[in-house]
Amino acid sequence: MHVPDDDAGVLNAAERRQLDVIRRFGTVGALLLAIGSLGAGAAPVFSPVLRIPVLNLFSRMTTVSMAFAFTGVFMIVLAWLGLGRLSRPGRVRVMSVSQMGRTLAMWIAPLVFTVPSFSRDVYSYLAQSEIVARGMDPYTLGPAQALGVEHPLTQGVPTVWRETPSPYGPLFLVLGRAINWLTGDHVVMGVAMHRLLALIGLAMIVWSLPRLARRFGVSPVSALWLGAANPLVLFHLVVGVHNESLAIGLMMVGFELALSRMAKVTPDGPFPPWQPGELRWYAIGAAVITLGAAVKIPAALALGFLGVMIARRMGGRWKHLFQVAGGLGVVFLVVLSAASFGSGLGYGWVSTLNTASTIKSWMAPMTALGYGAGGLGIIMGLGNHIDAAISVARMFGTILGPVIAAKLLLDGFRWKLRPLTGLGVALGAILIFGAAVHAWYLLWAAVPLAASAGNTRFRTAAMGVSVLMAVVLAPTGSTFDGRVFVLPYTYVAAVLATLVALAVVWRHIPRTPGDGVTSGTP
């Protein structure tokens, strides 16, 4: 797979040695996370590891396993920060895209063999796909009703989701059905095949990021650092096996294909001359984006920002916007209908899109606001109205997110911001103000922004959020009811182990005069 390389100067010998140490440090971290996942990960109910000598020891030492896993997490995060120093925009010498790709491959290789961690969603994927494979409707039946509570695939699903229908699009469930036809009730093989889907999605992200970054005047290697080597990507798309990988990958590839006949553009510069075949590629790109929406619906928002860019390309008048909206609307309906009815599932998935709202996520600002307002009411003696307060706050969030997205669409049409930047911020607003927020939801915003927002201030803020979210979530994919005391011990042990590892490699990192940064870098 060829990706465009960077134009900056190559690293010198000392910096290449630094890169080598950073790579190995991150790879060791990935190996430790893989080992720790044997006992601390979100293992299936009937884990085959329990029958393997030596390896089964980790499942009996949860605290030790979690210390291994957290040490791996901390080492990967530190390695990523070191990698960011060598890929920072404004340096005289930065690592190349190919060097970033090799680093990413080294870190991913051990993670491919980890027990699913940070979430148990992959077991829901397997159970819901089995419902489809049996010819039943996953949009009206949950795993418990369709398969029975004793079925091995149902037992891996978290209790809160056993009675709920699938919130995923028809394309994803069709792919899941094919996986279940191949693997049957074999959970390990099923997880491996879903991880392969996630890796395909990640490959799409890696393919599209540097191309889109060049198109929007952003450093390709910096875009890959933030959008592909990000610990949240490694932990939640590769290790956690989330289908966001496939949906975001299709969305980004579709955006790049749609713009493949257009030269580099800037907000304050004129558009390049119209190229033959542009309309055809717009339609192809829109179709691929729609396939992403047939996995998870947030990808559909990319069509709006692609549309305002095409309308601006055609002349920037309102008539152009309506013409483009009509054309993209036809593509969207045709492709989505083909996916929905071709799968045999129809449009039942539209009624289950709010399934995630059945849980109260502590990371969702609107849910936290509802808890705060309800708790204040209790303190003031007004009674317990927490559920009502959460409902009101969530309703406000469902209005606020789309309003922000609409404003960003208008700004993109007026060419006040790059449409891909608007897409990232709009996706972030809609998901952050939604009923439920998880760490991997942040990637909907981070990946498009990585390819379009290259200034140092954004990069620093995104780095801080990514680091925070990477280290606060435990790999178990479940709560610690009755075992909260375990977390402090594992954190302390992991911090000490990471400091020892850092001390060991510190003396092997050659120093270079200065930082190779050009003067006046923002």
# chains A, B, ... in the order shown; residues from 1 in each chain; ligands from 1
$ residues_around --residues "Leu449 in chain A" --least-positions-apart "6" --cutoff "8 Å" --atoms "only C-alpha atoms" --output "number ranges by chain"
A: 420-421, 423-425
$ residues_around --residues "Ile430 in chain A" --least-positions-apart "6" --cutoff "10 Å" --atoms "only C-alpha atoms" --output "count of residues only"
11
$ select_by_dssp --residues "range 185-313 of chain A" --states "alpha helix (DSSP H)" --output "PyMOL selection string"
chain A and resi 187-215+220-227+231-233+244-258+278-293+301-313
$ closest_residue --among "A:Phe433, A:Tyr125, A:Trp444, A:Trp225" --to "Arg162 in chain A" --atoms "only C-alpha atoms"
A:Tyr125
$ residues_around --residues "Leu153 in chain A" --least-positions-apart "6" --cutoff "12 Å" --atoms "only C-alpha atoms" --output "ChimeraX atom specification"
/A:44-46,120-131,142-144,146-147,162,180,183-188,190-191
$ closest_residue --among "A:Val467, A:Ala435, A:Ala450, A:Ala474" --to "Ala40 in chain A" --atoms "only C-alpha atoms"
A:Ala474
$ closest_residue --among "A:Gly29, A:Pro138, A:Gly84, A:Gly36" --to "Ile108 in chain A" --atoms "only C-alpha atoms"
A:Gly29
$ closest_residue --among "A:Ala373, A:Ile284, A:Val115, A:Ile359" --to "Val335 in chain A" --atoms "only C-alpha atoms"
A:Ile284
$ closest_residue --among "A:Ala429, A:Leu499, A:Trp281, A:Arg88" --to "Ala223 in chain A" --atoms "only C-alpha atoms"
A:Arg88
$ residues_around --residues "Leu410 in chain A" --least-positions-apart "2" --cutoff "12 Å" --atoms "only C-alpha atoms" --output "ChimeraX atom specification"
/A:304-305,307-309,311-312,316,318,321,403-408,412-419,422-423,426
$ closest_atom_pairs --of "range 295-381 of chain A" --to "range 229-250 of chain A" --cutoff "12 Å" --atoms "only C-alpha atoms" --output "CSV"
residue,atom,partner,partner_atom,distance
A:Val295,CA,A:Ala247,CA,5.6
A:Lys296,CA,A:Ala247,CA,5.9
A:Ile297,CA,A:Ala247,CA,8.4
A:Pro298,CA,A:Ala247,CA,8.6
A:Ala299,CA,A:Ala247,CA,6.6
A:Ala300,CA,A:Ala247,CA,9.9
A:Leu301,CA,A:Ile248,CA,11.4
A:Ala302,CA,A:Ile248,CA,10.1
$ write_last_selection --atoms "C-alpha atoms" --output "PDB file, in the first residue's frame"
ATOM      1  CA  VAL A 295     -22.353   0.396   9.529  1.00  0.00           C
ATOM      2  CA  LYS A 296     -22.933   3.276  11.965  1.00  0.00           C
ATOM      3  CA  ILE A 297     -25.167   6.210  11.106  1.00  0.00           C
ATOM      4  CA  PRO A 298     -22.908   9.144  12.243  1.00  0.00           C
ATOM      5  CA  ALA A 299     -20.866   8.648   9.039  1.00  0.00           C
ATOM      6  CA  ALA A 300     -23.824  10.092   7.072  1.00  0.00           C
ATOM      7  CA  LEU A 301     -22.960  13.570   8.358  1.00  0.00           C
ATOM      8  CA  ALA A 302     -19.903  13.528   6.072  1.00  0.00           C
TER       9      ALA A 302
END
$ closest_residue --among "A:Met136, A:Val495, A:Leu141, A:Ala105" --to "Leu199 in chain A" --atoms "only C-alpha atoms"
A:Ala105
$ decode --residues "range 209-270 of chain A" --atoms "C-alpha atoms" --output "PDB file, in the first residue's frame"
ATOM      1  CA  LEU A 209      -5.327  10.302   6.311  1.00  0.00           C
ATOM      2  CA  PRO A 210      -2.065  11.394   4.619  1.00  0.00           C
ATOM      3  CA  ARG A 211      -3.850  12.026   1.322  1.00  0.00           C
ATOM      4  CA  LEU A 212      -6.536  14.189   2.875  1.00  0.00           C
ATOM      5  CA  ALA A 213      -3.919  15.939   5.013  1.00  0.00           C
ATOM      6  CA  ARG A 214      -1.923  16.951   1.953  1.00  0.00           C
ATOM      7  CA  ARG A 215      -5.119  18.112   0.278  1.00  0.00           C
ATOM      8  CA  PHE A 216      -5.897  20.420   3.187  1.00  0.00           C
ATOM      9  CA  GLY A 217      -2.358  21.627   3.820  1.00  0.00           C
ATOM     10  CA  VAL A 218      -1.631  19.550   6.936  1.00  0.00           C
ATOM     11  CA  SER A 219       1.493  17.504   7.611  1.00  0.00           C
ATOM     12  CA  PRO A 220       0.707  13.885   6.574  1.00  0.00           C
ATOM     13  CA  VAL A 221       2.918  12.358   9.252  1.00  0.00           C
ATOM     14  CA  SER A 222       1.323  14.548  11.927  1.00  0.00           C
ATOM     15  CA  ALA A 223      -2.125  13.447  10.721  1.00  0.00           C
ATOM     16  CA  LEU A 224      -1.120   9.789  11.011  1.00  0.00           C
ATOM     17  CA  TRP A 225       0.348  10.368  14.460  1.00  0.00           C
ATOM     18  CA  LEU A 226      -2.889  11.842  15.798  1.00  0.00           C
ATOM     19  CA  GLY A 227      -5.447   9.899  13.758  1.00  0.00           C
ATOM     20  CA  ALA A 228      -3.914   6.416  13.447  1.00  0.00           C
ATOM     21  CA  ALA A 229      -1.140   5.921  16.035  1.00  0.00           C
ATOM     22  CA  ASN A 230      -3.315   7.522  18.729  1.00  0.00           C
ATOM     23  CA  PRO A 231      -3.573   5.248  21.813  1.00  0.00           C
ATOM     24  CA  LEU A 232      -7.376   5.524  21.634  1.00  0.00           C
ATOM     25  CA  VAL A 233      -7.218   3.990  18.158  1.00  0.00           C
ATOM     26  CA  LEU A 234      -4.949   1.179  19.317  1.00  0.00           C
ATOM     27  CA  PHE A 235      -6.876   0.444  22.512  1.00  0.00           C
ATOM     28  CA  HIS A 236     -10.441   0.725  21.243  1.00  0.00           C
ATOM     29  CA  LEU A 237     -10.339  -0.106  17.547  1.00  0.00           C
ATOM     30  CA  VAL A 238      -7.663  -2.824  17.571  1.00  0.00           C
ATOM     31  CA  VAL A 239      -7.837  -4.207  21.117  1.00  0.00           C
ATOM     32  CA  GLY A 240     -11.487  -3.305  21.770  1.00  0.00           C
ATOM     33  CA  VAL A 241     -12.589  -4.471  18.275  1.00  0.00           C
ATOM     34  CA  HIS A 242     -15.122  -1.674  17.783  1.00  0.00           C
ATOM     35  CA  ASN A 243     -16.980  -1.305  14.498  1.00  0.00           C
ATOM     36  CA  GLU A 244     -16.222   2.427  14.552  1.00  0.00           C
ATOM     37  CA  SER A 245     -13.037   1.395  12.755  1.00  0.00           C
ATOM     38  CA  LEU A 246     -14.925   0.184   9.682  1.00  0.00           C
ATOM     39  CA  ALA A 247     -17.462   3.041   9.729  1.00  0.00           C
ATOM     40  CA  ILE A 248     -14.844   5.801  10.113  1.00  0.00           C
ATOM     41  CA  GLY A 249     -12.577   4.108   7.568  1.00  0.00           C
ATOM     42  CA  LEU A 250     -15.330   4.037   4.931  1.00  0.00           C
ATOM     43  CA  MET A 251     -16.238   7.639   5.727  1.00  0.00           C
ATOM     44  CA  MET A 252     -12.664   8.864   5.302  1.00  0.00           C
ATOM     45  CA  VAL A 253     -12.008   6.823   2.158  1.00  0.00           C
ATOM     46  CA  GLY A 254     -15.258   8.114   0.655  1.00  0.00           C
ATOM     47  CA  PHE A 255     -14.274  11.709   1.362  1.00  0.00           C
ATOM     48  CA  GLU A 256     -10.875  11.209  -0.254  1.00  0.00           C
ATOM     49  CA  LEU A 257     -12.301   9.428  -3.304  1.00  0.00           C
ATOM     50  CA  ALA A 258     -14.814  12.223  -3.805  1.00  0.00           C
ATOM     51  CA  LEU A 259     -12.018  14.800  -3.847  1.00  0.00           C
ATOM     52  CA  SER A 260      -9.520  12.686  -5.767  1.00  0.00           C
ATOM     53  CA  ARG A 261      -9.817  14.829  -8.917  1.00  0.00           C
ATOM     54  CA  MET A 262      -9.439  18.088  -7.021  1.00  0.00           C
ATOM     55  CA  ALA A 263      -6.069  19.661  -6.321  1.00  0.00           C
ATOM     56  CA  LYS A 264      -5.022  21.053  -2.940  1.00  0.00           C
ATOM     57  CA  VAL A 265      -7.429  23.729  -1.679  1.00  0.00           C
ATOM     58  CA  THR A 266      -7.172  26.419   0.978  1.00  0.00           C
ATOM     59  CA  PRO A 267      -9.958  28.436   2.623  1.00  0.00           C
ATOM     60  CA  ASP A 268      -8.534  31.758   1.423  1.00  0.00           C
ATOM     61  CA  GLY A 269      -7.512  30.639  -2.064  1.00  0.00           C
ATOM     62  CA  PRO A 270      -9.387  30.080  -5.328  1.00  0.00           C
TER      63      PRO A 270
END
